[in-house]
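Visitor: So that you have it, the file is target-v2.cif, and it contains mmCIF, C-alpha atoms:
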data_run
loop_
_atom_site.label_atom_id
_atom_site.label_comp_id
_atom_site.auth_asym_id
_atom_site.auth_seq_id
_atom_site.Cartn_x
_atom_site.Cartn_y
_atom_site.Cartn_z
CA MET G 255 30.90 65.80 -6.14
CA ARG G 256 31.28 64.12 -9.54
CA THR G 257 30.87 66.25 -12.64
CA ILE G 258 28.98 65.35 -15.83
CA ALA G 259 29.38 67.39 -19.02
CA ILE G 260 26.44 67.05 -21.44
CA SER G 261 26.24 68.04 -25.08
CA GLY G 262 22.62 68.46 -26.20
CA ALA G 263 21.65 69.25 -22.61
CA SER G 264 18.66 71.42 -23.61
CA GLY G 265 16.80 68.62 -25.43
CA PHE G 266 14.21 66.26 -23.95
CA VAL G 267 16.68 63.59 -22.86
CA GLY G 268 19.38 66.10 -21.93
CA SER G 269 17.11 68.16 -19.68
CA SER G 270 15.78 64.96 -18.08
CA LEU G 271 19.33 63.78 -17.38
CA THR G 272 20.27 67.19 -15.96
CA LYS G 273 17.40 67.10 -13.47
CA PHE G 274 17.93 63.42 -12.61
CA PHE G 275 21.65 63.63 -11.89
CA SER G 276 21.40 67.01 -10.17
CA ASN G 277 19.06 65.32 -7.68
CA LEU G 278 21.77 62.70 -7.14
CA ASP G 279 24.29 65.44 -6.25
CA TYR G 280 26.21 65.40 -9.50
CA LYS G 281 27.39 68.71 -10.91
CA ILE G 282 26.12 69.24 -14.47
CA LEU G 283 28.09 71.23 -17.04
CA PRO G 284 26.03 71.84 -20.21
CA ILE G 285 28.15 72.12 -23.36
CA LYS G 286 26.51 75.05 -25.11
CA ARG G 287 27.14 75.84 -28.76
CA GLU G 288 29.52 78.70 -28.01
CA ILE G 289 31.64 76.36 -25.87
CA LEU G 290 31.55 73.58 -28.45
CA ASN G 291 32.83 75.99 -31.10
CA ASP G 292 35.63 77.35 -28.90
CA LYS G 293 38.45 74.81 -28.66
CA THR G 294 40.00 76.37 -25.56
CA LYS G 295 36.74 76.67 -23.61
CA LEU G 296 35.71 73.12 -24.57
CA GLU G 297 39.02 71.69 -23.38
CA GLU G 298 38.77 73.65 -20.12
CA LEU G 299 35.28 72.30 -19.48
CA LEU G 300 36.16 68.69 -20.26
CA ASN G 301 39.34 68.90 -18.20
CA LYS G 302 37.18 69.28 -15.09
CA SER G 303 34.56 66.66 -16.05
CA ASP G 304 34.45 63.10 -14.75
CA ILE G 305 31.88 61.92 -17.30
CA LEU G 306 30.88 63.16 -20.75
CA ILE G 307 27.44 62.43 -22.19
CA ASN G 308 27.15 63.20 -25.89
CA LEU G 309 23.54 63.74 -26.97
CA ALA G 310 23.94 66.40 -29.65
CA GLY G 311 22.02 65.92 -32.90
CA ALA G 312 19.25 67.52 -34.94
CA ASN G 313 15.77 65.99 -34.60
CA ILE G 314 15.50 62.89 -36.79
CA ILE G 315 11.69 63.27 -37.15
CA ASN G 316 11.61 65.89 -39.87
CA ARG G 317 11.47 66.33 -43.63
CA TRP G 318 14.77 65.05 -45.00
CA SER G 319 15.68 67.58 -47.64
CA GLU G 320 19.27 67.40 -48.86
CA SER G 321 20.20 70.35 -46.63
CA TYR G 322 18.51 68.75 -43.60
CA LYS G 323 20.32 65.46 -44.22
CA LYS G 324 23.59 67.41 -44.09
CA LEU G 325 22.45 68.92 -40.76
CA LEU G 326 21.56 65.48 -39.39
CA TYR G 327 25.06 64.35 -40.29
CA SER G 328 27.06 67.38 -39.14
CA SER G 329 25.17 67.85 -35.87
CA ARG G 330 26.17 64.31 -34.88
CA ILE G 331 29.49 63.55 -36.56
CA ASN G 332 31.16 66.98 -36.42
CA THR G 333 30.10 67.52 -32.81
CA THR G 334 31.46 64.13 -31.79
CA GLN G 335 34.72 64.82 -33.61
CA LYS G 336 35.14 68.09 -31.66
CA LEU G 337 34.50 66.35 -28.35
CA VAL G 338 36.90 63.51 -29.11
CA SER G 339 39.58 65.93 -30.27
CA ALA G 340 39.24 67.89 -27.01
CA ILE G 341 39.45 64.69 -24.94
CA LYS G 342 42.71 63.76 -26.65
CA ASN G 343 44.24 67.20 -26.06
CA ILE G 344 43.77 67.48 -22.29
CA ASP G 345 45.68 66.11 -19.33
CA ASN G 346 42.67 65.07 -17.26
CA PRO G 347 40.05 63.69 -19.69
CA PRO G 348 36.66 62.34 -18.58
CA LYS G 349 36.88 58.78 -17.26
CA LEU G 350 33.82 57.75 -19.27
CA LEU G 351 32.23 58.97 -22.49
CA ILE G 352 28.66 57.81 -23.15
CA SER G 353 27.83 58.66 -26.74
CA THR G 354 24.43 58.30 -28.33
CA SER G 355 23.38 56.23 -31.32
CA ALA G 356 20.06 54.64 -32.31
CA VAL G 357 18.50 51.25 -32.97
CA GLY G 358 18.04 52.62 -36.49
CA ILE G 359 21.52 51.21 -37.10
CA TYR G 360 19.91 47.76 -37.61
CA ASP G 361 17.92 46.45 -40.53
CA ASN G 362 14.26 45.55 -40.00
CA LYS G 363 14.42 41.84 -40.79
CA ALA G 364 14.55 40.45 -37.24
CA THR G 365 14.76 41.32 -33.54
CA TYR G 366 18.38 42.08 -32.73
CA ASP G 367 20.56 42.31 -29.67
CA GLU G 368 23.69 44.48 -29.86
CA ASN G 369 25.28 42.12 -32.41
CA GLY G 370 22.48 42.61 -34.94
CA THR G 371 22.81 43.13 -38.68
CA TYR G 372 23.19 46.72 -39.86
CA SER G 373 21.12 48.28 -42.60
CA ASN G 374 22.71 50.14 -45.52
CA ASP G 375 20.38 53.15 -45.52
CA PHE G 376 21.07 56.77 -44.60
CA LEU G 377 20.06 56.54 -40.94
CA SER G 378 22.14 53.42 -40.32
CA SER G 379 25.14 55.00 -42.06
CA ILE G 380 24.93 58.04 -39.77
CA CYS G 381 24.72 55.79 -36.69
CA GLN G 382 27.71 53.73 -37.81
CA GLU G 383 29.81 56.84 -38.46
CA TRP G 384 28.66 58.42 -35.19
CA GLU G 385 29.74 55.38 -33.19
CA LYS G 386 33.04 55.10 -35.07
CA GLU G 387 33.96 58.69 -34.20
CA ALA G 388 32.99 58.28 -30.53
CA LEU G 389 35.07 55.12 -30.15
CA LYS G 390 38.17 57.08 -31.16
CA ALA G 391 38.10 58.61 -27.67
CA LYS G 392 38.85 55.23 -26.09
CA SER G 393 42.17 55.19 -24.26
CA GLU G 394 43.81 54.10 -21.00
CA ASN G 395 42.18 57.08 -19.29
CA THR G 396 38.77 57.19 -21.02
CA LYS G 397 36.25 54.41 -21.42
CA VAL G 398 33.61 54.68 -24.15
CA SER G 399 30.09 53.29 -24.08
CA ILE G 400 27.55 53.63 -26.88
CA PHE G 401 23.82 53.89 -26.11
CA ARG G 402 21.60 52.90 -29.05
CA PHE G 403 18.26 54.54 -28.26
CA GLY G 404 14.86 53.18 -29.09
CA ILE G 405 12.06 55.78 -29.21
CA VAL G 406 12.20 57.54 -25.83
CA LEU G 407 8.73 57.94 -24.30
CA GLY G 408 8.03 60.47 -21.55
CA LYS G 409 5.42 62.95 -20.36
CA ASP G 410 7.39 66.13 -20.85
CA GLY G 411 8.62 65.86 -24.42
CA GLY G 412 9.81 63.58 -27.16
CA ALA G 413 7.72 61.42 -29.47
CA LEU G 414 4.77 60.80 -27.14
CA GLN G 415 4.08 64.52 -26.67
CA LYS G 416 3.86 64.91 -30.45
CA MET G 417 1.58 61.95 -31.08
CA ILE G 418 -0.80 61.99 -28.12
CA LEU G 419 -3.19 64.82 -29.12
CA PRO G 420 -4.77 63.03 -32.12
CA PHE G 421 -5.32 59.97 -29.92
CA LYS G 422 -6.95 62.06 -27.18
CA LEU G 423 -9.29 63.45 -29.84
CA GLY G 424 -10.14 59.96 -31.09
CA LEU G 425 -8.28 60.59 -34.36
CA GLY G 426 -5.38 58.22 -33.76
CA GLY G 427 -4.61 55.10 -35.74
CA VAL G 428 -1.89 52.89 -37.11
CA ILE G 429 0.72 54.18 -39.52
CA GLY G 430 0.66 52.27 -42.77
CA SER G 431 0.16 48.55 -42.09
CA GLY G 432 0.94 48.98 -38.39
CA GLU G 433 3.10 45.86 -38.54
CA GLN G 434 6.42 47.75 -38.51
CA ALA G 435 8.52 47.24 -35.37
CA PHE G 436 8.47 49.84 -32.62
CA SER G 437 11.36 49.73 -30.15
CA TYR G 438 10.86 52.15 -27.26
CA ILE G 439 12.05 52.93 -23.74
CA HIS G 440 10.37 54.75 -20.86
CA ILE G 441 12.36 57.86 -19.90
CA GLU G 442 12.67 56.59 -16.31
CA ASP G 443 14.33 53.37 -17.47
CA LEU G 444 16.64 55.34 -19.74
CA LEU G 445 17.75 57.57 -16.85
CA GLU G 446 18.31 54.57 -14.60
CA ALA G 447 20.37 52.91 -17.36
CA TYR G 448 22.69 55.93 -17.46
CA LYS G 449 23.05 55.76 -13.67
CA PHE G 450 23.70 51.98 -13.85
CA VAL G 451 26.44 52.28 -16.46
CA ILE G 452 28.06 55.35 -14.86
CA GLU G 453 28.11 53.99 -11.31
CA ASN G 454 29.55 50.66 -12.49
CA SER G 455 31.85 52.27 -15.09
CA TYR G 456 30.76 49.82 -17.80
CA GLU G 457 32.27 50.05 -21.26
CA ASP G 458 30.26 48.50 -24.09
CA THR G 459 27.54 49.10 -26.68
CA PHE G 460 24.02 48.90 -25.25
CA ASN G 461 20.55 48.83 -26.78
CA LEU G 462 18.44 51.24 -24.73
CA SER G 463 15.07 49.74 -25.50
CA ALA G 464 12.46 47.92 -23.44
CA PRO G 465 12.87 44.12 -23.26
CA THR G 466 9.53 43.59 -25.03
CA PRO G 467 9.61 45.33 -28.42
CA THR G 468 6.25 45.93 -30.03
CA THR G 469 4.82 47.19 -33.31
CA ASN G 470 3.15 50.41 -34.35
CA LYS G 471 -0.14 48.54 -34.01
CA GLY G 472 0.79 47.53 -30.44
CA LEU G 473 1.54 51.16 -29.58
CA THR G 474 -1.74 52.29 -31.13
CA GLN G 475 -3.75 49.72 -29.21
CA ALA G 476 -2.03 50.65 -25.92
CA LEU G 477 -2.82 54.32 -26.46
CA GLY G 478 -6.44 53.59 -27.38
CA LYS G 479 -6.96 51.31 -24.38
CA THR G 480 -5.35 53.70 -21.89
CA LEU G 481 -7.05 56.85 -23.21
CA LYS G 482 -10.33 55.00 -23.87
CA ARG G 483 -10.51 56.37 -27.41
CA PRO G 484 -11.13 54.71 -30.80
CA THR G 485 -8.08 54.13 -33.00
CA ILE G 486 -9.70 53.49 -36.35
CA LEU G 487 -8.16 56.18 -38.56
CA PRO G 488 -4.99 54.83 -40.18
CA VAL G 489 -2.35 57.20 -41.55
CA PRO G 490 -1.43 56.09 -45.10
CA GLU G 491 2.28 55.85 -45.83
CA PHE G 492 2.02 58.10 -48.89
CA VAL G 493 0.83 60.97 -46.67
CA LEU G 494 3.93 60.63 -44.51
CA ASN G 495 6.10 60.44 -47.61
CA ILE G 496 4.64 63.76 -48.75
CA ILE G 497 5.29 65.37 -45.36
CA PHE G 498 8.66 63.87 -44.47
CA SER G 499 10.03 62.58 -47.81
CA GLU G 500 12.79 60.04 -47.06
CA GLY G 501 12.47 60.86 -43.34
CA ALA G 502 9.14 58.99 -43.29
CA LYS G 503 11.18 55.77 -43.02
CA VAL G 504 11.69 56.51 -39.32
CA LEU G 505 7.93 56.07 -38.85
CA THR G 506 7.15 53.43 -41.47
CA ASP G 507 10.22 51.18 -41.31
CA GLY G 508 11.02 50.51 -37.64
CA GLN G 509 13.62 48.27 -36.05
CA SER G 510 13.14 45.63 -33.36
CA ALA G 511 15.87 45.73 -30.70
CA PHE G 512 16.50 43.73 -27.53
CA PRO G 513 18.65 45.06 -24.63
CA LYS G 514 20.62 41.86 -24.05
CA LYS G 515 23.77 43.44 -22.61
CA LEU G 516 21.95 45.51 -19.98
CA LEU G 517 19.89 42.48 -18.93
CA ASP G 518 22.98 40.26 -18.78
CA LEU G 519 24.60 42.76 -16.39
CA GLY G 520 21.56 42.60 -14.10
CA PHE G 521 19.80 45.84 -15.04
CA GLU G 522 16.09 45.68 -14.26
CA PHE G 523 13.57 47.56 -16.39
CA LYS G 524 10.66 49.04 -14.50
CA TYR G 525 8.49 49.28 -17.64
CA LYS G 526 8.87 46.10 -19.66
CA THR G 527 5.86 46.32 -22.01
CA ILE G 528 4.26 49.04 -24.11
CA GLN G 529 1.02 48.77 -22.10
CA GLU G 530 2.87 49.36 -18.81
CA THR G 531 4.72 52.26 -20.35
CA ILE G 532 1.69 54.02 -21.84
CA GLU G 533 -0.46 53.47 -18.75
CA ASN G 534 2.17 55.14 -16.58
CA LEU G 535 2.66 58.08 -18.93
CA CYS G 536 -0.94 58.75 -19.95
CA LYS G 537 -2.96 58.22 -16.78
#
Step by step, read the file and then write its structure as structure tokens.
Guide:
Amino acid sequence: MRTIAISGASGFVGSSLTKFFSNLDYKILPIKREILNDKTKLEELLNKSDILINLAGANIINRWSESYKKLLYSSRINTTQKLVSAIKNIDNPPKLLISTSAVGIYDNKATYDENGTYSNDFLSSICQEWEKEALKAKSENTKVSIFRFGIVLGKDGGALQKMILPFKLGLGGVIGSGEQAFSYIHIEDLLEAYKFVIENSYEDTFNLSAPTPTTNKGLTQALGKTLKRPTILPVPEFVLNIIFSEGAKVLTDGQSAFPKKLLDLGFEFKYKTIQETIENLCK
């Protein structure tokens, strides 16, 4: 039985991965906070792990006060540094580290594959630093892959769970102009991508986003059509700025990503469009 250690195992993606791989007869070792903060226990856990999945990080959809921005940084960078340090200190390190990043690393000027142009804002800077720290684990014994997430959509948590109630009540609408890019991935495709990379032991940087990126308007229309509800109440950007301050950029300033490397390797997405995705999750 192969063993997967997961940091951030209690979150939406982490709990989904735990259930998915447990059903495939993998043994899951969650890296809880007390283990992460105990060098000896962390090294012991990783010494008996074949694969390490690093998901740890505070929720990006929040009000970005200065203290919260520090938490966004430390929960990603410091955690990754601890994991990499442990990998380097043990005799039998995981064969593969899959560390998380986000399509927020790119600017919003075009649709990008994995070689896209980076932005110079706070979110992109975190992603760049996050990836840089994870790649330090690369060695003869440990491969490193980076998964740049789009917005993960699923029934049991994540962004869709937070946004669906207003739409069910007929109170949904576009955010701002609605023209901002919206890169997303169905949770089932995300899980299958992990399986695909793990079982083939691929080492690279991958965009985990559906092959047909859309816009906030496209998402809104898909929700309205599927739920058979009007979507005529736009959310002005200034309201989001009041609620989330700088963090509103996550909702008003999206990136458009294309999963070229997964497609080139022969990975097949089950849910290629936003309409397919929303119909599966909301019906």
Visitor: Got a sec: who's within 12 Å of Gly411 (chain G), counting all atoms listed in the file, leaving out chain neighbours fewer than 5 positions off, as a PDB file with C-alpha atoms, keeping the file's coordinate frame?
Guide:
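Listing of result-v5.pdb after writing:
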ATOM      1  CA  SER G 264      18.660  71.420 -23.610  1.00  0.00           C
ATOM      2  CA  GLY G 265      16.800  68.620 -25.430  1.00  0.00           C
ATOM      3  CA  PHE G 266      14.210  66.260 -23.950  1.00  0.00           C
ATOM      4  CA  VAL G 267      16.680  63.590 -22.860  1.00  0.00           C
ATOM      5  CA  GLY G 268      19.380  66.100 -21.930  1.00  0.00           C
ATOM      6  CA  SER G 269      17.110  68.160 -19.680  1.00  0.00           C
ATOM      7  CA  SER G 270      15.780  64.960 -18.080  1.00  0.00           C
ATOM      8  CA  ILE G 405      12.060  55.780 -29.210  1.00  0.00           C
ATOM      9  CA  VAL G 406      12.200  57.540 -25.830  1.00  0.00           C
ATOM     10  CA  LYS G 416       3.860  64.910 -30.450  1.00  0.00           C
ATOM     11  CA  MET G 417       1.580  61.950 -31.080  1.00  0.00           C
ATOM     12  CA  ILE G 418      -0.800  61.990 -28.120  1.00  0.00           C
ATOM     13  CA  HIS G 440      10.370  54.750 -20.860  1.00  0.00           C
ATOM     14  CA  ILE G 441      12.360  57.860 -19.900  1.00  0.00           C
ATOM     15  CA  LEU G 535       2.660  58.080 -18.930  1.00  0.00           C
TER      16      LEU G 535
END
Visitor: Kindly extract all protein, DNA and RNA residues lying within 12 Å of the coordinates (14.5, 49.3, -25.9) given in the file, considering only C-alpha atoms, and supply them as a ChimeraX atom specification.
Guide: /G:356-358,365-368,401-407,435-441,443-444,447,460-468,509-517,523,525-528,531
Visitor: To verify the selection step, state as number ranges by chain which residues the PyMOL selection byres ((chain G and resi 292-309) around 6) yields on this input.
Guide: G: 257-262, 289-291, 310, 340, 346-354
Visitor: Report as an MDAnalysis selection string the full result of the PyMOL selection byres ((chain G and resi 379) around 12) when it is applied to this structure.
Guide: chainID G and resid 323 326:327 330:331 355:361 372:378 380:386
Visitor: Which is closer to Lys449 (chain G) than all the others in G:Phe521, G:Leu477, G:Glu530, G:Gly370, using only C-alpha atoms?
Guide: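 When distances to Lys449 (chain G) are compared using only C-alpha atoms, the smallest one comes from G:Phe521.
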Visitor: Taking (29.5, 68.2, -6.6) as a centre in this file's frame and 10 Å as the limit, can you find every polymer residue with an atom that close, using all atoms listed in the file, and give them as number ranges by chain?
Guide: G: 255-258, 276, 278-282
Visitor: Out of G:Arg317, G:Lys273, G:Arg287, G:Arg483, which residue has the shortest atom-to-atom distance to Ile497 (chain G) when counting only C-alpha atoms?
Guide: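 Of G:Arg317, G:Lys273, G:Arg287, G:Arg483, the one nearest Ile497 (chain G), counting only C-alpha atoms, is G:Arg317.
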Visitor: Can you measure CA of Leu505 (chain G) to CA of Lys479 (chain G) for me? One decimal in Å is fine.
Guide: 21.3 Å
Visitor: Separation of CA of Pro490 (chain G) and CA of Gly430 (chain G), in Å?
Guide: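 Atom-to-atom, CA of Pro490 (chain G) to CA of Gly430 (chain G), that is 4.9 Å.
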Visitor: Go ahead and compute the interatomic distance for CA of Ser328 (chain G) and CA of Ser455 (chain G), in Å to one decimal.
Guide: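 Those two atoms sit 28.8 Å apart.
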Visitor: The PyMOL selection byres ((chain G and resi 421) around 12) on the file shown: which residues, as a ChimeraX atom specification?
Guide: /G:414-420,422-428,473-488,536
Visitor: Name all residues at most 8 Å from Gln335 (chain G) (count only C-alpha atoms; drop same-chain ones fewer than 3 positions away) and give them as an MDAnalysis selection string.
Guide: chainID G and resid 331:332 338:339 387:388
